[in-house]
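Shown below: target-v4.pdb, with PDB, C-alpha atoms (C1' of nucleotides).
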ATOM      1  CA  MET A   1      29.614  55.090 -40.984
ATOM      2  CA  PHE A   2      32.876  57.014 -40.710
ATOM      3  CA  THR A   3      35.257  58.892 -42.885
ATOM      4  CA  ILE A   4      38.863  58.439 -41.918
ATOM      5  CA  ASP A   5      41.786  60.371 -43.297
ATOM      6  CA  THR A   6      44.740  58.022 -43.117
ATOM      7  CA  ARG A   7      47.108  60.825 -44.114
ATOM      8  CA  SER A   8      46.063  63.231 -41.403
ATOM      9  CA  ARG A   9      48.522  64.027 -38.673
ATOM     10  CA  VAL A  10      45.770  63.155 -36.256
ATOM     11  CA  PRO A  11      46.086  59.437 -35.556
ATOM     12  CA  ILE A  12      43.353  57.184 -36.868
ATOM     13  CA  TYR A  13      42.342  55.995 -33.430
ATOM     14  CA  GLU A  14      41.901  59.586 -32.349
ATOM     15  CA  GLN A  15      39.810  60.474 -35.356
ATOM     16  CA  LEU A  16      37.648  57.542 -34.409
ATOM     17  CA  THR A  17      37.235  58.543 -30.775
ATOM     18  CA  GLU A  18      36.439  62.110 -31.825
ATOM     19  CA  LYS A  19      33.722  61.081 -34.216
ATOM     20  CA  LEU A  20      32.241  58.501 -31.915
ATOM     21  CA  LYS A  21      32.197  60.963 -29.054
ATOM     22  CA  GLU A  22      30.236  63.352 -31.183
ATOM     23  CA  LEU A  23      27.749  60.704 -32.219
ATOM     24  CA  ILE A  24      27.281  59.772 -28.594
ATOM     25  CA  VAL A  25      27.110  63.275 -27.161
ATOM     26  CA  ARG A  26      24.652  64.323 -29.828
ATOM     27  CA  GLU A  27      22.708  61.157 -29.165
ATOM     28  CA  VAL A  28      22.813  59.992 -32.732
ATOM     29  CA  MET A  29      23.855  56.764 -31.099
ATOM     30  CA  LYS A  30      21.506  56.102 -28.245
ATOM     31  CA  GLU A  31      22.143  54.683 -24.819
ATOM     32  CA  ASP A  32      23.025  50.968 -24.854
ATOM     33  CA  GLU A  33      23.120  50.885 -28.633
ATOM     34  CA  GLN A  34      25.712  48.448 -29.893
ATOM     35  CA  LEU A  35      28.748  49.725 -31.699
ATOM     36  CA  PRO A  36      30.100  47.870 -34.697
ATOM     37  CA  SER A  37      32.417  45.085 -33.598
ATOM     38  CA  VAL A  38      36.121  45.674 -33.577
ATOM     39  CA  ARG A  39      36.682  43.311 -36.459
ATOM     40  CA  SER A  40      33.790  44.381 -38.648
ATOM     41  CA  LEU A  41      34.596  48.062 -38.336
ATOM     42  CA  ALA A  42      38.208  47.291 -39.091
ATOM     43  CA  GLN A  43      37.132  45.533 -42.235
ATOM     44  CA  ASP A  44      34.785  48.342 -43.243
ATOM     45  CA  LEU A  45      37.465  50.987 -42.866
ATOM     46  CA  THR A  46      40.221  48.660 -44.094
ATOM     47  CA  ILE A  47      42.378  49.417 -41.094
ATOM     48  CA  ASN A  48      43.842  47.184 -38.467
ATOM     49  CA  PRO A  49      41.591  45.783 -35.739
ATOM     50  CA  ASN A  50      44.137  46.822 -33.135
ATOM     51  CA  THR A  51      43.581  50.430 -34.089
ATOM     52  CA  ILE A  52      39.858  50.105 -33.535
ATOM     53  CA  GLN A  53      40.501  48.387 -30.272
ATOM     54  CA  LYS A  54      42.683  51.233 -29.158
ATOM     55  CA  ALA A  55      39.916  53.706 -29.921
ATOM     56  CA  TYR A  56      37.330  51.626 -28.079
ATOM     57  CA  ARG A  57      39.626  51.183 -25.105
ATOM     58  CA  GLU A  58      40.060  54.939 -24.896
ATOM     59  CA  LEU A  59      36.338  55.551 -25.198
ATOM     60  CA  GLU A  60      35.716  53.078 -22.430
ATOM     61  CA  ARG A  61      38.358  54.661 -20.243
ATOM     62  CA  GLU A  62      36.637  58.009 -20.654
ATOM     63  CA  GLY A  63      33.240  56.542 -19.939
ATOM     64  CA  TYR A  64      31.627  56.958 -23.335
ATOM     65  CA  ILE A  65      31.113  53.262 -23.943
ATOM     66  CA  TYR A  66      31.174  50.003 -22.043
ATOM     67  CA  SER A  67      32.300  46.648 -23.370
ATOM     68  CA  ILE A  68      31.274  43.148 -22.524
ATOM     69  CA  PRO A  69      33.688  40.454 -23.666
ATOM     70  CA  GLY A  70      31.880  38.044 -25.926
ATOM     71  CA  LYS A  71      28.941  40.378 -26.447
ATOM     72  CA  GLY A  72      30.137  43.657 -27.801
ATOM     73  CA  SER A  73      30.634  47.341 -27.081
ATOM     74  CA  PHE A  74      27.776  49.635 -26.228
ATOM     75  CA  VAL A  75      27.034  53.294 -25.709
ATOM     76  CA  SER A  76      27.131  54.266 -22.064
ATOM     77  CA  PRO A  77      24.206  56.052 -20.514
ATOM     78  CA  VAL A  78      25.032  59.710 -21.132
ATOM     79  CA  LYS A  79      26.658  61.068 -18.056
ATOM     80  CA  ASN A  80      26.385  64.708 -17.199
ATOM     81  CA  GLU A  81      30.009  64.368 -16.202
ATOM     82  CA  ILE A  82      31.001  63.845 -19.799
ATOM     83  CA  ASN A  83      28.977  66.748 -21.126
ATOM     84  CA  ARG A  84      30.326  68.931 -18.385
ATOM     85  CA  GLU A  85      33.919  68.081 -19.247
ATOM     86  CA  ARG A  86      33.280  68.621 -22.902
ATOM     87  CA  MET A  87      31.640  71.953 -22.205
ATOM     88  CA  GLU A  88      34.641  73.061 -20.194
ATOM     89  CA  MET A  89      36.918  72.228 -23.082
ATOM     90  CA  LEU A  90      34.696  73.952 -25.596
ATOM     91  CA  LYS A  91      34.429  77.077 -23.473
ATOM     92  CA  LYS A  92      38.183  77.303 -23.162
ATOM     93  CA  GLU A  93      38.589  76.944 -26.889
ATOM     94  CA  LEU A  94      35.875  79.500 -27.446
ATOM     95  CA  GLU A  95      37.653  81.997 -25.258
ATOM     96  CA  ARG A  96      40.936  81.453 -27.042
ATOM     97  CA  ILE A  97      39.402  81.919 -30.476
ATOM     98  CA  VAL A  98      37.324  84.929 -29.561
ATOM     99  CA  GLY A  99      40.328  86.398 -27.795
ATOM    100  CA  GLU A 100      42.359  86.181 -30.972
ATOM    101  CA  ILE A 101      39.573  87.623 -33.048
ATOM    102  CA  LEU A 102      39.248  90.581 -30.711
ATOM    103  CA  PHE A 103      42.996  91.063 -30.874
ATOM    104  CA  LEU A 104      42.757  91.260 -34.619
ATOM    105  CA  GLY A 105      40.555  94.264 -34.118
ATOM    106  CA  VAL A 106      37.120  92.866 -34.782
ATOM    107  CA  PRO A 107      34.716  94.581 -32.391
ATOM    108  CA  LYS A 108      32.865  92.427 -29.940
ATOM    109  CA  ASP A 109      29.524  93.345 -31.481
ATOM    110  CA  GLU A 110      30.497  91.813 -34.772
ATOM    111  CA  VAL A 111      31.494  88.548 -33.193
ATOM    112  CA  ILE A 112      28.167  88.444 -31.447
ATOM    113  CA  LYS A 113      26.355  89.286 -34.652
ATOM    114  CA  LEU A 114      28.085  86.355 -36.312
ATOM    115  CA  ILE A 115      26.864  83.997 -33.633
ATOM    116  CA  GLU A 116      23.364  85.406 -33.765
ATOM    117  CA  THR A 117      23.110  84.479 -37.430
ATOM    118  CA  MET A 118      23.942  80.868 -36.662
ATOM    119  CA  GLU A 119      21.111  78.371 -36.623
ATOM    120  CA  GLU A 120      20.223  76.584 -33.454
ATOM    121  CA  PRO A 121      20.060  72.851 -33.968
ATOM    122  CA  GLU A 122      16.820  70.940 -34.356
ATOM    123  CA  ARG A 123      15.904  69.109 -31.208
ATOM    124  CA  SER A 124      13.234  66.753 -32.472
ATOM    125  CA  GLY A 125      13.658  64.098 -29.826
ATOM    126  CA  ASP A 126      14.309  66.253 -26.801
ATOM    127  CA  ASP A 127      10.775  66.466 -25.535
ATOM    128  CA  ASP A 128      10.766  63.238 -23.590
TER
ATOM    129  CA  MET B   1      61.018  84.462 -25.081
ATOM    130  CA  PHE B   2      59.172  81.233 -25.780
ATOM    131  CA  THR B   3      57.868  78.249 -23.972
ATOM    132  CA  ILE B   4      58.196  75.038 -25.904
ATOM    133  CA  ASP B   5      56.695  71.717 -24.941
ATOM    134  CA  THR B   6      59.014  69.082 -26.324
ATOM    135  CA  ARG B   7      56.570  66.346 -25.384
ATOM    136  CA  SER B   8      53.624  67.807 -27.196
ATOM    137  CA  ARG B   9      52.364  65.989 -30.254
ATOM    138  CA  VAL B  10      52.598  69.288 -32.033
ATOM    139  CA  PRO B  11      56.077  69.454 -33.560
ATOM    140  CA  ILE B  12      58.471  71.988 -32.071
ATOM    141  CA  TYR B  13      58.864  73.896 -35.306
ATOM    142  CA  GLU B  14      55.115  74.266 -35.509
ATOM    143  CA  GLN B  15      54.830  75.504 -31.951
ATOM    144  CA  LEU B  16      57.419  78.078 -32.883
ATOM    145  CA  THR B  17      55.650  79.285 -36.008
ATOM    146  CA  GLU B  18      52.378  79.479 -34.093
ATOM    147  CA  LYS B  19      53.806  81.623 -31.339
ATOM    148  CA  LEU B  20      55.790  83.838 -33.660
ATOM    149  CA  LYS B  21      52.765  84.361 -35.860
ATOM    150  CA  GLU B  22      50.831  85.533 -32.860
ATOM    151  CA  LEU B  23      53.569  87.928 -31.781
ATOM    152  CA  ILE B  24      53.677  89.337 -35.279
ATOM    153  CA  VAL B  25      49.953  89.557 -35.887
ATOM    154  CA  ARG B  26      49.437  91.217 -32.521
ATOM    155  CA  GLU B  27      52.328  93.515 -33.289
ATOM    156  CA  VAL B  28      54.225  92.616 -30.174
ATOM    157  CA  MET B  29      57.062  92.301 -32.627
ATOM    158  CA  LYS B  30      57.009  95.319 -34.864
ATOM    159  CA  GLU B  31      57.692  95.636 -38.557
ATOM    160  CA  ASP B  32      61.353  95.108 -39.483
ATOM    161  CA  GLU B  33      62.244  94.086 -35.954
ATOM    162  CA  GLN B  34      64.987  91.487 -35.910
ATOM    163  CA  LEU B  35      64.220  87.993 -34.718
ATOM    164  CA  PRO B  36      66.697  86.101 -32.612
ATOM    165  CA  SER B  37      69.242  84.362 -34.782
ATOM    166  CA  VAL B  38      68.785  80.737 -35.635
ATOM    167  CA  ARG B  39      71.719  79.704 -33.514
ATOM    168  CA  SER B  40      71.045  81.867 -30.480
ATOM    169  CA  LEU B  41      67.417  80.858 -30.270
ATOM    170  CA  ALA B  42      68.433  77.238 -30.627
ATOM    171  CA  GLN B  43      70.794  77.659 -27.714
ATOM    172  CA  ASP B  44      68.184  79.467 -25.611
ATOM    173  CA  LEU B  45      65.620  76.752 -26.136
ATOM    174  CA  THR B  46      68.205  73.965 -26.135
ATOM    175  CA  ILE B  47      66.887  72.549 -29.346
ATOM    176  CA  ASN B  48      68.547  71.941 -32.661
ATOM    177  CA  PRO B  49      69.286  74.901 -34.945
ATOM    178  CA  ASN B  50      67.806  72.991 -37.860
ATOM    179  CA  THR B  51      64.472  73.003 -36.103
ATOM    180  CA  ILE B  52      64.554  76.778 -35.735
ATOM    181  CA  GLN B  53      65.559  77.087 -39.338
ATOM    182  CA  LYS B  54      62.619  75.006 -40.389
ATOM    183  CA  ALA B  55      60.266  77.289 -38.491
ATOM    184  CA  TYR B  56      61.821  80.418 -39.968
ATOM    185  CA  ARG B  57      61.687  78.964 -43.453
ATOM    186  CA  GLU B  58      58.002  78.288 -43.019
ATOM    187  CA  LEU B  59      57.330  81.763 -41.650
ATOM    188  CA  GLU B  60      59.151  83.261 -44.608
ATOM    189  CA  ARG B  61      57.215  81.087 -47.029
ATOM    190  CA  GLU B  62      53.983  82.376 -45.531
ATOM    191  CA  GLY B  63      55.147  85.953 -45.645
ATOM    192  CA  TYR B  64      55.432  86.649 -41.929
ATOM    193  CA  ILE B  65      59.154  87.313 -41.956
ATOM    194  CA  TYR B  66      61.936  87.967 -44.421
ATOM    195  CA  SER B  67      65.520  86.827 -44.109
ATOM    196  CA  ILE B  68      68.729  88.350 -45.375
ATOM    197  CA  PRO B  69      71.669  85.938 -45.450
ATOM    198  CA  GLY B  70      74.429  87.329 -43.328
ATOM    199  CA  LYS B  71      72.205  89.859 -41.604
ATOM    200  CA  GLY B  72      69.334  88.100 -39.967
ATOM    201  CA  SER B  73      65.611  87.488 -40.046
ATOM    202  CA  PHE B  74      63.099  90.277 -39.667
ATOM    203  CA  VAL B  75      59.383  90.816 -39.237
ATOM    204  CA  SER B  76      57.632  91.526 -42.516
ATOM    205  CA  PRO B  77      55.471  94.587 -42.880
ATOM    206  CA  VAL B  78      52.062  93.338 -41.763
ATOM    207  CA  LYS B  79      50.086  92.407 -44.802
ATOM    208  CA  ASN B  80      46.335  92.618 -44.773
ATOM    209  CA  GLU B  81      46.496  89.371 -46.679
ATOM    210  CA  ILE B  82      47.841  87.593 -43.650
ATOM    211  CA  ASN B  83      45.289  89.016 -41.264
ATOM    212  CA  ARG B  84      42.555  88.202 -43.703
ATOM    213  CA  GLU B  85      43.662  84.580 -43.964
ATOM    214  CA  ARG B  86      43.974  84.301 -40.235
ATOM    215  CA  MET B  87      40.539  85.783 -39.746
ATOM    216  CA  GLU B  88      39.043  83.278 -42.145
ATOM    217  CA  MET B  89      40.589  80.470 -40.175
ATOM    218  CA  LEU B  90      39.463  81.875 -36.866
ATOM    219  CA  LYS B  91      35.919  82.375 -38.064
ATOM    220  CA  LYS B  92      35.714  78.795 -39.245
ATOM    221  CA  GLU B  93      36.994  77.552 -35.914
ATOM    222  CA  LEU B  94      34.568  79.818 -34.117
ATOM    223  CA  GLU B  95      31.651  78.402 -36.036
ATOM    224  CA  ARG B  96      32.717  74.862 -35.308
ATOM    225  CA  ILE B  97      33.083  75.483 -31.594
ATOM    226  CA  VAL B  98      29.876  77.451 -31.227
ATOM    227  CA  GLY B  99      28.107  74.830 -33.295
ATOM    228  CA  GLU B 100      29.163  72.140 -30.862
ATOM    229  CA  ILE B 101      28.190  74.219 -27.880
ATOM    230  CA  LEU B 102      24.742  74.823 -29.309
ATOM    231  CA  PHE B 103      24.424  71.111 -29.979
ATOM    232  CA  LEU B 104      25.129  70.465 -26.333
ATOM    233  CA  GLY B 105      22.024  72.445 -25.577
ATOM    234  CA  VAL B 106      23.468  75.730 -24.407
ATOM    235  CA  PRO B 107      21.144  78.468 -25.655
ATOM    236  CA  LYS B 108      22.592  81.043 -28.004
ATOM    237  CA  ASP B 109      21.996  83.808 -25.503
ATOM    238  CA  GLU B 110      24.325  82.219 -23.015
ATOM    239  CA  VAL B 111      27.128  81.921 -25.516
ATOM    240  CA  ILE B 112      26.708  85.572 -26.345
ATOM    241  CA  LYS B 113      26.633  86.477 -22.686
ATOM    242  CA  LEU B 114      29.936  84.686 -22.246
ATOM    243  CA  ILE B 115      31.512  86.705 -25.004
ATOM    244  CA  GLU B 116      30.094  89.936 -23.659
ATOM    245  CA  THR B 117      31.889  89.389 -20.388
ATOM    246  CA  MET B 118      35.214  89.075 -22.163
ATOM    247  CA  GLU B 119      37.510  92.063 -22.067
ATOM    248  CA  GLU B 120      38.433  93.800 -25.263
ATOM    249  CA  PRO B 121      42.180  94.156 -25.603
ATOM    250  CA  GLU B 122      44.006  97.390 -24.856
ATOM    251  CA  ARG B 123      45.007  99.192 -28.021
ATOM    252  CA  SER B 124      47.486 101.710 -26.696
ATOM    253  CA  GLY B 125      49.464 102.137 -29.886
ATOM    254  CA  ASP B 126      46.647 102.044 -32.395
ATOM    255  CA  ASP B 127      45.970 105.739 -32.600
ATOM    256  CA  ASP B 128      48.574 106.565 -35.205
TER
ATOM    257  C1'  DA C   1      91.831  90.883 -43.706
ATOM    258  C1'  DT C   2      90.324  88.549 -39.919
ATOM    259  C1'  DA C   3      87.089  86.974 -36.519
ATOM    260  C1'  DA C   4      82.569  86.442 -35.286
ATOM    261  C1'  DC C   5      78.523  86.849 -36.497
ATOM    262  C1'  DT C   6      74.428  85.978 -39.821
ATOM    263  C1'  DG C   7      71.229  82.636 -43.099
ATOM    264  C1'  DT C   8      71.183  78.456 -45.873
ATOM    265  C1'  DA C   9      71.946  73.653 -47.420
ATOM    266  C1'  DT C  10      73.061  68.780 -47.174
ATOM    267  C1'  DT C  11      73.493  64.169 -45.461
ATOM    268  C1'  DA C  12      73.181  60.745 -42.086
ATOM    269  C1'  DT C  13      71.420  59.061 -37.782
ATOM    270  C1'  DT C  14      68.419  58.612 -33.941
ATOM    271  C1'  DT C  15      63.989  58.569 -31.799
ATOM    272  C1'  DA C  16      59.133  58.291 -31.113
ATOM    273  C1'  DT C  17      54.775  56.761 -32.406
ATOM    274  C1'  DA C  18      51.253  55.018 -35.145
ATOM    275  C1'  DC C  19      50.047  51.273 -37.499
ATOM    276  C1'  DT C  20      50.161  46.598 -39.086
ATOM    277  C1'  DA C  21      50.473  41.649 -38.564
ATOM    278  C1'  DA C  22      49.777  37.379 -36.561
ATOM    279  C1'  DT C  23      48.271  35.010 -32.890
ATOM    280  C1'  DA C  24      46.035  33.409 -28.725
ATOM    281  C1'  DC C  25      42.458  33.066 -25.119
ATOM    282  C1'  DA C  26      37.970  33.336 -23.091
ATOM    283  C1'  DG C  27      33.036  34.586 -22.977
ATOM    284  C1'  DT C  28      28.465  34.574 -25.836
ATOM    285  C1'  DT C  29      25.047  32.920 -28.839
ATOM    286  C1'  DA C  30      22.532  30.247 -32.098
TER
ATOM    287  C1'  DT D   1      30.122  23.061 -32.192
ATOM    288  C1'  DA D   2      30.856  27.037 -35.075
ATOM    289  C1'  DA D   3      30.966  31.738 -35.463
ATOM    290  C1'  DC D   4      30.723  35.437 -33.340
ATOM    291  C1'  DT D   5      32.316  38.877 -29.519
ATOM    292  C1'  DG D   6      36.272  41.640 -26.565
ATOM    293  C1'  DT D   7      40.999  41.476 -24.927
ATOM    294  C1'  DA D   8      46.027  40.806 -24.791
ATOM    295  C1'  DT D   9      50.663  40.154 -26.414
ATOM    296  C1'  DT D  10      54.650  40.327 -29.237
ATOM    297  C1'  DA D  11      57.082  41.602 -33.225
ATOM    298  C1'  DG D  12      57.839  44.216 -37.249
ATOM    299  C1'  DT D  13      57.199  48.295 -40.429
ATOM    300  C1'  DA D  14      56.666  53.069 -41.776
ATOM    301  C1'  DT D  15      56.839  57.777 -41.252
ATOM    302  C1'  DA D  16      58.068  62.124 -39.548
ATOM    303  C1'  DA D  17      60.449  64.932 -36.283
ATOM    304  C1'  DA D  18      64.483  66.063 -34.259
ATOM    305  C1'  DT D  19      69.422  65.754 -33.769
ATOM    306  C1'  DA D  20      74.177  65.932 -35.271
ATOM    307  C1'  DA D  21      77.878  67.405 -37.907
ATOM    308  C1'  DT D  22      79.384  69.982 -41.475
ATOM    309  C1'  DA D  23      79.964  73.253 -45.148
ATOM    310  C1'  DC D  24      79.433  77.650 -47.745
ATOM    311  C1'  DA D  25      78.608  82.460 -48.458
ATOM    312  C1'  DG D  26      77.188  87.180 -47.044
ATOM    313  C1'  DT D  27      77.663  90.935 -43.215
ATOM    314  C1'  DT D  28      79.841  93.616 -39.722
ATOM    315  C1'  DA D  29      83.138  95.452 -36.629
ATOM    316  C1'  DT D  30      87.748  95.642 -35.281
TER
END
Starting from the file, give its structure as structure tokens.
Amino acid sequence: MFTIDTRSRVPIYEQLTEKLKELIVREVMKEDEQLPSVRSLAQDLTINPNTIQKAYRELEREGYIYSIPGKGSFVSPVKNEINRERMEMLKKELERIVGEILFLGVPKDEVIKLIETMEEPERSGDDD
Amino acid sequence: MFTIDTRSRVPIYEQLTEKLKELIVREVMKEDEQLPSVRSLAQDLTINPNTIQKAYRELEREGYIYSIPGKGSFVSPVKNEINRERMEMLKKELERIVGEILFLGVPKDEVIKLIETMEEPERSGDDD
DNA sequence: ATAACTGTATTATTTATACTAATACAGTTA
DNA sequence: TAACTGTATTAGTATAAATAATACAGTTAT
């Protein structure tokens, strides 16, 4: 389900939250779908359950998932709030990157051309 | 000269290399210009000289600066190599960011519109 | 030549944080 | 009742960054 780089400078629990956020935001994991249990995921990835728990706790704090003791952890209904926050972050990053590229002398047109050649994602299940 | 966040997860020496790289690539610091000495910069930023040295060593290794024992450290003549590598990195980041934005459902046109509204940098000294 | 700078190198210590380990407790479900 | 769930706590380990304290050699100006 996940690929974790234990040698990365990015902590394991943060790699986990990142990847899970993406799965949730992109709706690969649907609303109310159950996440793997803390212990089973820990066993799968051969890392400590506490590390998983830390990731889940963070995801819950940020509203991506909700947990029910005894039952499990589940994907929260997608809040616009979350997408909005993520968009803000992405836009800021975008501006920083493009800013640097422009500074390096690449004309704006070329940057735009680069984006134009990118493929827009398939949205098979968005017509509901 | 610099702002360092000692609490950031990004190590101090890496913050330093990042910022210096930008100053060099953007030619705020010109070719052969002398950098502050290891000790003086350490005193300015109230951090350990060894940390500065580590940053300088890295910058030298990557070809951004050159050091002469007894004299000081200086900005390397800007190599196209460096700009090329940096561009590669920036383009990859750009694609990742834009990819995520598109996944969040923002149409390509809007991303482009955002970039169009950005100001191109002044290039006062580029006409030589 | 001497003092005050430079970069460079080495070794030891401290500090911060992630991660692991080992439990324990309580709710859920079959 | 057994086997799951999430949650919490406490202690220990590992790693990397940063500090501290020196030392050595080249440069520069007086």
Distance-based interface of chain A with chain B, 10 Å, counting all atoms listed in the file, as a PDB file with C-alpha atoms, in the frame of the given file:
ATOM      1  CA  ARG A   9      48.522  64.027 -38.673  1.00  0.00           C
ATOM      2  CA  VAL A  10      45.770  63.155 -36.256  1.00  0.00           C
ATOM      3  CA  GLU A  22      30.236  63.352 -31.183  1.00  0.00           C
ATOM      4  CA  VAL A  25      27.110  63.275 -27.161  1.00  0.00           C
ATOM      5  CA  ARG A  26      24.652  64.323 -29.828  1.00  0.00           C
ATOM      6  CA  ASN A  83      28.977  66.748 -21.126  1.00  0.00           C
ATOM      7  CA  ARG A  84      30.326  68.931 -18.385  1.00  0.00           C
ATOM      8  CA  ARG A  86      33.280  68.621 -22.902  1.00  0.00           C
ATOM      9  CA  MET A  87      31.640  71.953 -22.205  1.00  0.00           C
ATOM     10  CA  MET A  89      36.918  72.228 -23.082  1.00  0.00           C
ATOM     11  CA  LEU A  90      34.696  73.952 -25.596  1.00  0.00           C
ATOM     12  CA  LYS A  91      34.429  77.077 -23.473  1.00  0.00           C
ATOM     13  CA  GLU A  93      38.589  76.944 -26.889  1.00  0.00           C
ATOM     14  CA  LEU A  94      35.875  79.500 -27.446  1.00  0.00           C
ATOM     15  CA  GLU A  95      37.653  81.997 -25.258  1.00  0.00           C
ATOM     16  CA  ARG A  96      40.936  81.453 -27.042  1.00  0.00           C
ATOM     17  CA  ILE A  97      39.402  81.919 -30.476  1.00  0.00           C
ATOM     18  CA  VAL A  98      37.324  84.929 -29.561  1.00  0.00           C
ATOM     19  CA  GLY A  99      40.328  86.398 -27.795  1.00  0.00           C
ATOM     20  CA  GLU A 100      42.359  86.181 -30.972  1.00  0.00           C
ATOM     21  CA  ILE A 101      39.573  87.623 -33.048  1.00  0.00           C
ATOM     22  CA  LEU A 102      39.248  90.581 -30.711  1.00  0.00           C
ATOM     23  CA  PHE A 103      42.996  91.063 -30.874  1.00  0.00           C
ATOM     24  CA  LEU A 104      42.757  91.260 -34.619  1.00  0.00           C
ATOM     25  CA  GLY A 105      40.555  94.264 -34.118  1.00  0.00           C
ATOM     26  CA  VAL A 106      37.120  92.866 -34.782  1.00  0.00           C
ATOM     27  CA  PRO A 107      34.716  94.581 -32.391  1.00  0.00           C
ATOM     28  CA  LYS A 108      32.865  92.427 -29.940  1.00  0.00           C
ATOM     29  CA  ASP A 109      29.524  93.345 -31.481  1.00  0.00           C
ATOM     30  CA  VAL A 111      31.494  88.548 -33.193  1.00  0.00           C
ATOM     31  CA  ILE A 112      28.167  88.444 -31.447  1.00  0.00           C
ATOM     32  CA  LYS A 113      26.355  89.286 -34.652  1.00  0.00           C
ATOM     33  CA  LEU A 114      28.085  86.355 -36.312  1.00  0.00           C
ATOM     34  CA  ILE A 115      26.864  83.997 -33.633  1.00  0.00           C
ATOM     35  CA  GLU A 116      23.364  85.406 -33.765  1.00  0.00           C
ATOM     36  CA  MET A 118      23.942  80.868 -36.662  1.00  0.00           C
ATOM     37  CA  GLU A 119      21.111  78.371 -36.623  1.00  0.00           C
ATOM     38  CA  GLU A 120      20.223  76.584 -33.454  1.00  0.00           C
ATOM     39  CA  PRO A 121      20.060  72.851 -33.968  1.00  0.00           C
ATOM     40  CA  GLU A 122      16.820  70.940 -34.356  1.00  0.00           C
ATOM     41  CA  ARG A 123      15.904  69.109 -31.208  1.00  0.00           C
ATOM     42  CA  ASP A 126      14.309  66.253 -26.801  1.00  0.00           C
TER      43      ASP A 126
END
Within 8 Å of chain D, which residues belong to chain A? Use all atoms listed in the file and report them as a list in words.
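Per the criterion, chain A yields Ser37, Ser67, Ile68, Pro69, Gly70, Lys71 and Gly72 of chain A.
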Within 10 Å of chain B: each chain C residue with its shortest pair, only C-alpha atoms (C1' of nucleotides), as a Markdown table:
| residue | atom | partner | partner_atom | distance |
| --- | --- | --- | --- | --- |
| C:DC5 | C1' | B:Gly70 | CA | 8.0 |
| C:DT6 | C1' | B:Gly70 | CA | 3.8 |
| C:DG7 | C1' | B:Pro69 | CA | 4.1 |
| C:DT8 | C1' | B:Pro69 | CA | 7.5 |
| C:DT17 | C1' | B:Arg9 | CA | 9.8 |
Can you write just those residues out, C-alpha atoms (C1' of nucleotides), as a compact mmCIF listing (two decimals), keeping the file's coordinate frame?
# COMPACT_ATOMS: atom_id res chain seq x y z
C1' DC C 5 78.52 86.85 -36.50
C1' DT C 6 74.43 85.98 -39.82
C1' DG C 7 71.23 82.64 -43.10
C1' DT C 8 71.18 78.46 -45.87
C1' DT C 17 54.78 56.76 -32.41
What is the atom CA of A:Leu45 to atom CA of A:Lys79 distance in Å?
28.9 Å
Given all atoms listed in the file as the counted atoms, nearest of B:Tyr56, B:Lys30, B:Leu41, B:Asn48 to B:Ser76:
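The answer is B:Lys30, which sits nearest to B:Ser76.
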I'd like the residues picked by the PyMOL selection byres ((chain A and resi 16) around 9) written out as number ranges by chain, using the chain letters and numbers from the file.
A: 2-4, 11-15, 17-21, 52, 55-56
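Atom pair atom CA of A:Ile65 / atom CA of A:Gln34: separated by 9.4 Å.
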Å distance separating atom CA of A:Arg7 from atom CA of A:Ile47, one decimal place
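Separating atom CA of A:Arg7 from atom CA of A:Ile47 is a distance of 12.7 Å.
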Given the block above, output stretch 25-32 of chain A with N, CA, C and O atoms as a compact mmCIF listing (two decimals), in the first residue's frame.
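Result went into selection_18.txt, see below:
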# COMPACT_ATOMS: atom_id res chain seq x y z
N VAL A 25 -7.28 13.11 -0.57
CA VAL A 25 -7.64 14.29 -1.36
C VAL A 25 -8.01 13.88 -2.78
O VAL A 25 -8.94 14.42 -3.38
N ARG A 26 -7.28 12.90 -3.31
CA ARG A 26 -7.57 12.46 -4.67
C ARG A 26 -8.70 11.43 -4.71
O ARG A 26 -9.00 10.87 -5.76
N GLU A 27 -9.23 11.18 -3.55
CA GLU A 27 -10.36 10.25 -3.42
C GLU A 27 -10.08 8.85 -3.93
O GLU A 27 -10.96 8.16 -4.43
N VAL A 28 -8.82 8.46 -3.81
CA VAL A 28 -8.51 7.05 -4.04
C VAL A 28 -9.09 6.26 -2.87
O VAL A 28 -9.62 5.17 -3.03
N MET A 29 -8.98 6.86 -1.69
CA MET A 29 -9.68 6.31 -0.54
C MET A 29 -10.93 7.13 -0.32
O MET A 29 -10.87 8.35 -0.12
N LYS A 30 -12.05 6.46 -0.38
CA LYS A 30 -13.32 7.17 -0.33
C LYS A 30 -13.77 7.46 1.10
O LYS A 30 -13.32 6.81 2.05
N GLU A 31 -14.67 8.37 1.19
CA GLU A 31 -15.32 8.76 2.44
C GLU A 31 -15.72 7.53 3.26
O GLU A 31 -16.32 6.59 2.73
N ASP A 32 -15.39 7.55 4.53
CA ASP A 32 -15.76 6.50 5.49
C ASP A 32 -15.09 5.14 5.23
O ASP A 32 -15.39 4.18 5.93
